[in-house]
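Dropping upload-v2.pdb in here (PDB, C-alpha atoms):
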MODEL        1
ATOM      1  CA  ASP A   1     -31.456 -59.662 -99.848
ATOM      2  CA  THR A   2     -30.857 -59.156-103.521
ATOM      3  CA  GLY A   3     -33.693 -56.836-104.427
ATOM      4  CA  VAL A   4     -37.455 -56.513-104.658
ATOM      5  CA  SER A   5     -39.169 -59.853-105.082
ATOM      6  CA  GLN A   6     -42.642 -60.380-106.531
ATOM      7  CA  ASN A   7     -44.748 -63.518-106.663
ATOM      8  CA  PRO A   8     -46.158 -65.039-108.716
ATOM      9  CA  ARG A   9     -44.444 -63.975-111.946
ATOM     10  CA  HIS A  10     -47.474 -64.919-113.998
ATOM     11  CA  LYS A  11     -51.124 -65.423-113.122
ATOM     12  CA  ILE A  12     -53.951 -66.462-115.424
ATOM     13  CA  THR A  13     -57.420 -66.247-113.943
ATOM     14  CA  LYS A  14     -60.993 -66.404-115.094
ATOM     15  CA  ARG A  15     -63.084 -63.270-115.060
ATOM     16  CA  GLY A  16     -64.829 -62.846-111.737
ATOM     17  CA  GLN A  17     -62.194 -64.641-109.681
ATOM     18  CA  ASN A  18     -60.119 -63.017-106.946
ATOM     19  CA  VAL A  19     -56.334 -62.828-107.171
ATOM     20  CA  THR A  20     -53.621 -61.831-104.716
ATOM     21  CA  PHE A  21     -50.035 -60.803-105.461
ATOM     22  CA  ARG A  22     -47.152 -60.476-103.051
ATOM     23  CA  CYS A  23     -44.205 -58.079-102.935
ATOM     24  CA  ASP A  24     -41.154 -58.392-100.706
ATOM     25  CA  PRO A  25     -39.222 -55.099-100.735
ATOM     26  CA  ILE A  26     -35.577 -54.510 -99.909
ATOM     27  CA  SER A  27     -35.475 -55.028 -96.147
ATOM     28  CA  GLU A  28     -34.077 -51.587 -95.252
ATOM     29  CA  HIS A  29     -36.663 -49.787 -97.384
ATOM     30  CA  ASN A  30     -39.595 -48.316 -95.482
ATOM     31  CA  ARG A  31     -41.552 -47.217 -98.538
ATOM     32  CA  LEU A  32     -43.312 -49.592-100.884
ATOM     33  CA  TYR A  33     -45.184 -48.709-104.075
ATOM     34  CA  TRP A  34     -47.542 -50.540-106.391
ATOM     35  CA  TYR A  35     -47.791 -49.663-110.072
ATOM     36  CA  ARG A  36     -49.820 -51.063-112.953
ATOM     37  CA  GLN A  37     -48.389 -51.222-116.461
ATOM     38  CA  THR A  38     -50.511 -52.044-119.489
ATOM     39  CA  LEU A  39     -49.031 -52.895-122.869
ATOM     40  CA  GLY A  40     -47.353 -49.929-124.527
ATOM     41  CA  GLN A  41     -47.775 -47.650-121.530
ATOM     42  CA  GLY A  42     -45.634 -46.433-118.682
ATOM     43  CA  PRO A  43     -46.166 -47.683-115.147
ATOM     44  CA  GLU A  44     -49.145 -45.962-113.465
ATOM     45  CA  PHE A  45     -49.105 -45.326-109.738
ATOM     46  CA  LEU A  46     -51.670 -47.249-107.681
ATOM     47  CA  THR A  47     -50.732 -46.809-104.025
ATOM     48  CA  TYR A  48     -47.837 -46.518-101.590
ATOM     49  CA  PHE A  49     -47.002 -47.427 -98.004
ATOM     50  CA  GLN A  50     -44.633 -46.003 -95.471
ATOM     51  CA  ASN A  51     -44.042 -48.895 -93.102
ATOM     52  CA  GLU A  52     -47.539 -50.322 -92.496
ATOM     53  CA  ALA A  53     -49.411 -47.091 -93.228
ATOM     54  CA  GLN A  54     -51.044 -46.697 -96.636
ATOM     55  CA  LEU A  55     -50.426 -43.013 -97.314
ATOM     56  CA  GLU A  56     -51.755 -42.463-100.807
ATOM     57  CA  LYS A  57     -54.123 -44.170-103.216
ATOM     58  CA  SER A  58     -54.627 -43.339-106.873
ATOM     59  CA  ARG A  59     -58.102 -42.940-108.302
ATOM     60  CA  LEU A  60     -57.102 -45.913-110.473
ATOM     61  CA  LEU A  61     -57.431 -48.073-107.370
ATOM     62  CA  SER A  62     -61.105 -48.988-107.577
ATOM     63  CA  ASP A  63     -62.981 -50.534-104.668
ATOM     64  CA  ARG A  64     -62.190 -53.984-106.107
ATOM     65  CA  PHE A  65     -58.521 -53.399-105.320
ATOM     66  CA  SER A  66     -57.067 -53.562-101.838
ATOM     67  CA  ALA A  67     -53.475 -53.426-100.694
ATOM     68  CA  GLU A  68     -52.015 -54.230 -97.309
ATOM     69  CA  ARG A  69     -48.668 -54.155 -95.589
ATOM     70  CA  PRO A  70     -49.576 -55.453 -92.151
ATOM     71  CA  LYS A  71     -46.143 -55.646 -90.539
ATOM     72  CA  GLY A  72     -44.402 -53.029 -92.583
ATOM     73  CA  SER A  73     -42.422 -55.627 -94.505
ATOM     74  CA  PHE A  74     -44.057 -57.514 -97.415
ATOM     75  CA  SER A  75     -47.192 -56.230 -99.106
ATOM     76  CA  THR A  76     -50.124 -57.881-100.838
ATOM     77  CA  LEU A  77     -52.337 -56.529-103.595
ATOM     78  CA  GLU A  78     -55.720 -58.195-103.989
ATOM     79  CA  ILE A  79     -58.089 -57.747-106.899
ATOM     80  CA  GLN A  80     -61.628 -58.971-106.350
ATOM     81  CA  ARG A  81     -64.046 -59.956-109.115
ATOM     82  CA  THR A  82     -61.400 -59.568-111.792
ATOM     83  CA  GLU A  83     -62.315 -58.031-115.149
ATOM     84  CA  GLN A  84     -60.541 -58.342-118.493
ATOM     85  CA  GLY A  85     -59.440 -54.736-118.153
ATOM     86  CA  ASP A  86     -57.396 -55.725-115.098
ATOM     87  CA  SER A  87     -54.983 -57.631-117.346
ATOM     88  CA  ALA A  88     -51.639 -55.896-116.914
ATOM     89  CA  MET A  89     -48.202 -56.128-115.343
ATOM     90  CA  TYR A  90     -48.317 -55.209-111.651
ATOM     91  CA  LEU A  91     -45.006 -53.766-110.505
ATOM     92  CA  CYS A  92     -43.815 -53.220-106.976
ATOM     93  CA  ALA A  93     -41.033 -50.816-105.994
ATOM     94  CA  SER A  94     -39.401 -49.750-102.757
ATOM     95  CA  ASN A  95     -37.128 -46.996-101.549
ATOM     96  CA  PRO A  96     -35.862 -45.684 -98.211
ATOM     97  CA  THR A  97     -37.937 -43.142 -96.298
ATOM     98  CA  GLY A  98     -36.872 -39.548 -96.477
ATOM     99  CA  ILE A  99     -35.484 -39.568-100.001
ATOM    100  CA  ASN A 100     -37.288 -39.400-103.308
ATOM    101  CA  TYR A 101     -34.753 -41.409-105.265
ATOM    102  CA  GLY A 102     -33.308 -44.899-105.011
ATOM    103  CA  TYR A 103     -36.443 -46.631-106.273
ATOM    104  CA  THR A 104     -35.849 -50.335-106.909
ATOM    105  CA  PHE A 105     -38.389 -52.268-108.941
ATOM    106  CA  GLY A 106     -39.412 -55.895-108.795
ATOM    107  CA  SER A 107     -39.849 -58.053-111.900
ATOM    108  CA  GLY A 108     -43.610 -57.716-111.715
ATOM    109  CA  THR A 109     -46.587 -60.047-111.820
ATOM    110  CA  ARG A 110     -48.191 -60.472-115.237
ATOM    111  CA  LEU A 111     -51.945 -60.906-114.771
ATOM    112  CA  THR A 112     -54.076 -62.245-117.602
ATOM    113  CA  VAL A 113     -57.851 -62.328-117.084
ATOM    114  CA  VAL A 114     -59.650 -64.636-119.522
TER     115      VAL A 114
ATOM    116  CA  GLY B   1     -50.810 -34.544-109.626
ATOM    117  CA  GLU B   2     -47.770 -34.667-111.868
ATOM    118  CA  ASN B   3     -48.196 -35.179-115.626
ATOM    119  CA  VAL B   4     -45.203 -36.399-117.623
ATOM    120  CA  GLU B   5     -45.256 -36.356-121.425
ATOM    121  CA  GLN B   6     -42.682 -38.183-123.515
ATOM    122  CA  HIS B   7     -41.757 -37.970-127.205
ATOM    123  CA  PRO B   8     -41.302 -39.662-129.577
ATOM    124  CA  SER B   9     -43.206 -42.871-128.928
ATOM    125  CA  THR B  10     -41.001 -44.783-131.382
ATOM    126  CA  LEU B  11     -37.506 -44.029-132.630
ATOM    127  CA  SER B  12     -35.346 -45.921-135.119
ATOM    128  CA  VAL B  13     -31.684 -45.062-135.611
ATOM    129  CA  GLN B  14     -28.776 -46.596-137.437
ATOM    130  CA  GLU B  15     -26.110 -48.209-135.297
ATOM    131  CA  GLY B  16     -23.553 -45.586-134.326
ATOM    132  CA  ASP B  17     -25.963 -42.665-134.607
ATOM    133  CA  SER B  18     -27.317 -40.686-131.659
ATOM    134  CA  ALA B  19     -30.792 -40.966-130.138
ATOM    135  CA  VAL B  20     -32.616 -38.227-128.249
ATOM    136  CA  ILE B  21     -35.786 -38.654-126.196
ATOM    137  CA  LYS B  22     -37.595 -35.678-124.691
ATOM    138  CA  CYS B  23     -39.928 -35.307-121.709
ATOM    139  CA  THR B  24     -41.890 -32.509-120.120
ATOM    140  CA  TYR B  25     -43.415 -32.381-116.660
ATOM    141  CA  SER B  26     -46.052 -30.213-115.056
ATOM    142  CA  ASP B  27     -45.321 -30.019-111.318
ATOM    143  CA  SER B  28     -42.667 -27.455-110.464
ATOM    144  CA  ALA B  29     -42.155 -29.241-107.116
ATOM    145  CA  SER B  30     -40.665 -32.286-108.889
ATOM    146  CA  ASN B  31     -36.932 -32.388-108.282
ATOM    147  CA  TYR B  32     -35.707 -35.827-109.306
ATOM    148  CA  PHE B  33     -35.749 -37.140-112.879
ATOM    149  CA  PRO B  34     -34.709 -40.736-113.583
ATOM    150  CA  TRP B  35     -34.613 -42.602-116.859
ATOM    151  CA  TYR B  36     -35.403 -46.296-117.070
ATOM    152  CA  LYS B  37     -34.723 -48.926-119.705
ATOM    153  CA  GLN B  38     -37.205 -51.765-119.910
ATOM    154  CA  GLU B  39     -36.864 -54.907-121.983
ATOM    155  CA  LEU B  40     -39.827 -57.117-122.750
ATOM    156  CA  GLU B  41     -41.418 -58.551-119.603
ATOM    157  CA  LYS B  42     -38.516 -57.321-117.463
ATOM    158  CA  ARG B  43     -38.347 -54.804-114.642
ATOM    159  CA  PRO B  44     -37.546 -51.142-115.360
ATOM    160  CA  GLN B  45     -33.805 -50.625-114.899
ATOM    161  CA  LEU B  46     -32.440 -47.238-113.886
ATOM    162  CA  ILE B  47     -29.869 -46.067-116.429
ATOM    163  CA  ILE B  48     -29.267 -42.464-115.373
ATOM    164  CA  ASP B  49     -30.890 -39.819-113.215
ATOM    165  CA  ILE B  50     -30.577 -36.116-112.532
ATOM    166  CA  ARG B  51     -31.556 -33.923-109.630
ATOM    167  CA  SER B  52     -32.896 -30.441-110.018
ATOM    168  CA  ASN B  53     -29.762 -28.682-108.811
ATOM    169  CA  VAL B  54     -27.791 -29.640-111.922
ATOM    170  CA  GLY B  55     -28.420 -29.042-115.599
ATOM    171  CA  GLU B  56     -26.570 -31.962-117.159
ATOM    172  CA  LYS B  57     -25.164 -35.335-116.222
ATOM    173  CA  LYS B  58     -23.188 -37.786-118.296
ATOM    174  CA  ASP B  59     -22.300 -41.445-117.892
ATOM    175  CA  GLN B  60     -20.259 -42.855-120.777
ATOM    176  CA  ARG B  61     -22.566 -42.896-123.836
ATOM    177  CA  ILE B  62     -25.609 -41.651-121.942
ATOM    178  CA  ALA B  63     -26.368 -38.086-120.910
ATOM    179  CA  VAL B  64     -29.373 -36.290-119.466
ATOM    180  CA  THR B  65     -30.127 -32.573-119.601
ATOM    181  CA  LEU B  66     -32.631 -30.676-117.469
ATOM    182  CA  ASN B  67     -34.236 -27.282-117.990
ATOM    183  CA  LYS B  68     -36.201 -26.542-114.814
ATOM    184  CA  THR B  69     -37.506 -23.235-116.078
ATOM    185  CA  ALA B  70     -39.084 -24.845-119.125
ATOM    186  CA  LYS B  71     -39.891 -28.064-117.197
ATOM    187  CA  HIS B  72     -38.306 -30.378-119.700
ATOM    188  CA  PHE B  73     -35.535 -32.939-119.669
ATOM    189  CA  SER B  74     -33.936 -35.102-122.320
ATOM    190  CA  LEU B  75     -32.016 -38.352-122.685
ATOM    191  CA  HIS B  76     -29.144 -38.506-125.160
ATOM    192  CA  ILE B  77     -27.560 -41.787-126.227
ATOM    193  CA  THR B  78     -24.487 -41.525-128.449
ATOM    194  CA  GLU B  79     -22.832 -44.222-130.572
ATOM    195  CA  THR B  80     -25.927 -46.396-130.318
ATOM    196  CA  GLN B  81     -25.539 -50.163-130.339
ATOM    197  CA  PRO B  82     -28.096 -52.907-131.096
ATOM    198  CA  GLU B  83     -28.234 -53.790-127.395
ATOM    199  CA  ASP B  84     -29.592 -50.285-126.715
ATOM    200  CA  SER B  85     -32.853 -51.404-128.365
ATOM    201  CA  ALA B  86     -35.553 -51.355-125.673
ATOM    202  CA  VAL B  87     -38.336 -49.182-124.301
ATOM    203  CA  TYR B  88     -37.139 -46.115-122.400
ATOM    204  CA  PHE B  89     -39.220 -44.285-119.787
ATOM    205  CA  CYS B  90     -38.640 -40.924-118.232
ATOM    206  CA  ALA B  91     -40.055 -40.149-114.801
ATOM    207  CA  ALA B  92     -40.440 -37.226-112.432
ATOM    208  CA  ALA B  93     -40.541 -37.404-108.645
ATOM    209  CA  GLY B  94     -41.618 -34.971-105.973
ATOM    210  CA  ALA B  95     -41.570 -35.711-102.269
ATOM    211  CA  ASN B  96     -43.633 -38.858-102.249
ATOM    212  CA  ASN B  97     -44.021 -40.473-105.620
ATOM    213  CA  LEU B  98     -42.655 -41.251-109.060
ATOM    214  CA  PHE B  99     -44.657 -40.505-112.225
ATOM    215  CA  PHE B 100     -43.751 -42.019-115.572
ATOM    216  CA  GLY B 101     -43.942 -40.948-119.170
ATOM    217  CA  THR B 102     -45.577 -43.181-121.761
ATOM    218  CA  GLY B 103     -42.340 -44.618-123.093
ATOM    219  CA  THR B 104     -40.210 -44.563-126.257
ATOM    220  CA  ARG B 105     -39.492 -47.736-128.173
ATOM    221  CA  LEU B 106     -35.936 -47.366-129.469
ATOM    222  CA  THR B 107     -34.769 -49.629-132.281
ATOM    223  CA  VAL B 108     -31.111 -49.567-133.270
ATOM    224  CA  ILE B 109     -30.651 -50.959-136.768
ATOM    225  CA  PRO B 110     -27.348 -52.826-137.285
TER     226      PRO B 110
ENDMDL
END
Can you present the structure in this file as structure tokens?
Amino acid sequence: DTGVSQNPRHKITKRGQNVTFRCDPISEHNRLYWYRQTLGQGPEFLTYFQNEAQLEKSRLLSDRFSAERPKGSFSTLEIQRTEQGDSAMYLCASNPTGINYGYTFGSGTRLTVV
Amino acid sequence: GENVEQHPSTLSVQEGDSAVIKCTYSDSASNYFPWYKQELEKRPQLIIDIRSNVGEKKDQRIAVTLNKTAKHFSLHITETQPEDSAVYFCAAAGANNLFFGTGTRLTVIP
């Protein structure tokens, strides 16, 4: 286990299509976070899980977005009916429960909606 | 929620000079302040961090200072090198989450 893994690295989709991204965190990490990063901006928090429980969702997470972590290991982020404004880098991070440091980031999934 | 502001948005320095990036935060409950370096289309990489019980931390050419009373913290890079060119983000964390600044694009001119 060498770190946080995200797939795919790049995704190009037509407007209106659904897309799903996957994140595999560091295996000992109970917490998993999703962030969105647009060009020239810092990562913006979307949601986080502790094990399989989704504990917090940002107001940025519209009803077209849904995230799951069914077995408390990998997580998926689905965007339905994609819009051009969804084009961004989607970053996943994980850290152990009980501490607020030790965040490790994945390489991200670059989504382009055409 | 937490609001992190970062300045400047761009910074150009001559090789060998120092670079300073400043951040402020709003939530007094935040107690962990990391700095990340991000190269184009790469993941954010932690370069240094500081917890609220200390005022300064140094690691070779990189140092971070924290003023909890004023709610601001700064990154100092000395003897800059061309490979320091990247986008740098500050962040602030409370119990459950990490909030980022908007980034500083640092260019080191050889």
Name the closest residue to chain B among the candidates A:Gln17, A:Thr104, A:Thr47, A:Gln41; distances are taken between atoms, counting all atoms listed in the file.
-> A:Gln41
Do you know which residues the PyMOL selection byres ((chain B and resi 34) around 9) returns on this file, as JSON, numbers by chain?
-> {"A": [101], "B": [32, 33, 35, 36, 46, 47, 48, 49, 50, 51, 89, 90, 91, 92, 93]}
Considering all atoms listed in the file, tabulate each residue of chain A that lies at most 12 Å from chain B along with its nearest interatomic pair and the corresponding distance in Å to one decimal; arrange the rows by chain and ascending residue number and present them as a tab-separated table.
residue	atom	partner	partner_atom	distance
A:Gly3	CA	B:Arg43	CA	11.4
A:Val4	CA	B:Arg43	CA	10.2
A:Ser5	CA	B:Arg43	CA	10.8
A:Gln6	CA	B:Arg43	CA	10.7
A:Arg9	CA	B:Glu41	CA	9.9
A:His10	CA	B:Glu41	CA	10.4
A:Arg31	CA	B:Asn96	CA	9.4
A:Leu32	CA	B:Asn97	CA	10.3
A:Tyr33	CA	B:Asn97	CA	8.5
A:Trp34	CA	B:Asn97	CA	10.7
A:Tyr35	CA	B:Leu98	CA	9.9
A:Arg36	CA	B:Phe100	CA	11.2
A:Gln37	CA	B:Thr102	CA	10.0
A:Thr38	CA	B:Thr102	CA	10.4
A:Leu39	CA	B:Glu41	CA	10.0
A:Gly40	CA	B:Gly103	CA	7.4
A:Gln41	CA	B:Thr102	CA	5.0
A:Gly42	CA	B:Thr102	CA	4.5
A:Pro43	CA	B:Phe100	CA	6.2
A:Glu44	CA	B:Phe100	CA	7.0
A:Phe45	CA	B:Phe99	CA	7.0
A:Leu46	CA	B:Asn97	CA	10.4
A:Thr47	CA	B:Asn97	CA	9.4
A:Tyr48	CA	B:Asn97	CA	8.2
A:Phe49	CA	B:Asn96	CA	10.1
A:Gln50	CA	B:Asn96	CA	9.9
A:Leu55	CA	B:Asn96	CA	9.4
A:Glu56	CA	B:Asn96	CA	9.0
A:Lys57	CA	B:Asn97	CA	11.0
A:Ser58	CA	B:Gly1	CA	10.0
A:Arg59	CA	B:Gly1	CA	11.2
A:Ala88	CA	B:Glu41	CA	10.9
A:Met89	CA	B:Glu41	CA	8.4
A:Tyr90	CA	B:Arg43	CA	10.4
A:Leu91	CA	B:Arg43	CA	7.9
A:Cys92	CA	B:Arg43	CA	9.5
A:Ala93	CA	B:Arg43	CA	9.9
A:Ser94	CA	B:Asn97	CA	10.8
A:Asn95	CA	B:Asn97	CA	10.3
A:Pro96	CA	B:Asn96	CA	11.1
A:Thr97	CA	B:Asn96	CA	9.3
A:Gly98	CA	B:Ala95	CA	8.4
A:Ile99	CA	B:Ala95	CA	7.6
A:Asn100	CA	B:Ala95	CA	5.7
A:Tyr101	CA	B:Tyr32	CA	7.0
A:Gly102	CA	B:Leu46	CA	9.2
A:Tyr103	CA	B:Leu46	CA	8.6
A:Thr104	CA	B:Gln45	CA	8.3
A:Phe105	CA	B:Arg43	CA	6.2
A:Gly106	CA	B:Arg43	CA	6.0
A:Ser107	CA	B:Arg43	CA	4.5
A:Gly108	CA	B:Arg43	CA	6.7
A:Thr109	CA	B:Glu41	CA	9.5
A:Arg110	CA	B:Glu41	CA	8.3
A:Leu111	CA	B:Glu41	CA	11.8
Please measure the separation of atom CA of Ala70 of chain B and atom CA of Thr24 of chain B, giving the value in Å to one decimal.
-> 8.2 Å
For the atom pair atom CA of Thr82 of chain A and atom CA of Thr20 of chain A, what is the interatomic distance in Å to one decimal place?
-> 10.8 Å
Assuming 5 Å of padding per side, give the centre and edge lengths of the axis-aligned box around every listed atom of segment 101-109 of chain B, in Å to one decimal and as AutoDock Vina command-line options.
--center_x -38.1 --center_y -46.0 --center_z -128.0 --size_x 24.9 --size_y 20.0 --size_z 27.6
Report the residues retrieved by the PyMOL selection byres ((chain A and resi 81) around 12) from the displayed file, expressed as a PyMOL selection string.
-> chain A and resi 13-20+62-66+78-80+82-86+113
Tell me, in Å to one decimal, how far atom CA of Val54 of chain B is from atom CA of Val4 of chain B.
-> 19.5 Å
So which residues touch Ser73 of chain A within 9 Å, counting all atoms listed in the file, skipping near sequence neighbours fewer than 4 positions away, as a list in words?
-> Cys23, Asp24, Pro25, Ile26, Ser27, His29, Asn30, Leu32, Asn51, Glu52 and Arg69 of chain A
List the residues sitting within 7 Å of (-29.0, -36.1, -117.3) in the file's frame, using only C-alpha atoms, as a compact mmCIF listing (two decimals) with C-alpha atoms, keeping the file's coordinate frame.
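Output contents, as saved in selection-v3.txt:
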# COMPACT_ATOMS: atom_id res chain seq x y z
CA ILE B 48 -29.27 -42.46 -115.37
CA ASP B 49 -30.89 -39.82 -113.22
CA ILE B 50 -30.58 -36.12 -112.53
CA GLU B 56 -26.57 -31.96 -117.16
CA LYS B 57 -25.16 -35.34 -116.22
CA LYS B 58 -23.19 -37.79 -118.30
CA ALA B 63 -26.37 -38.09 -120.91
CA VAL B 64 -29.37 -36.29 -119.47
CA THR B 65 -30.13 -32.57 -119.60
CA LEU B 66 -32.63 -30.68 -117.47
CA LEU B 75 -32.02 -38.35 -122.68
Show which residues sit within 7 Å of His7 of chain B, as a ChimeraX atom specification. Count all atoms listed in the file, and ignore same-chain residues fewer than 5 positions away.
-> /B:21-23,104
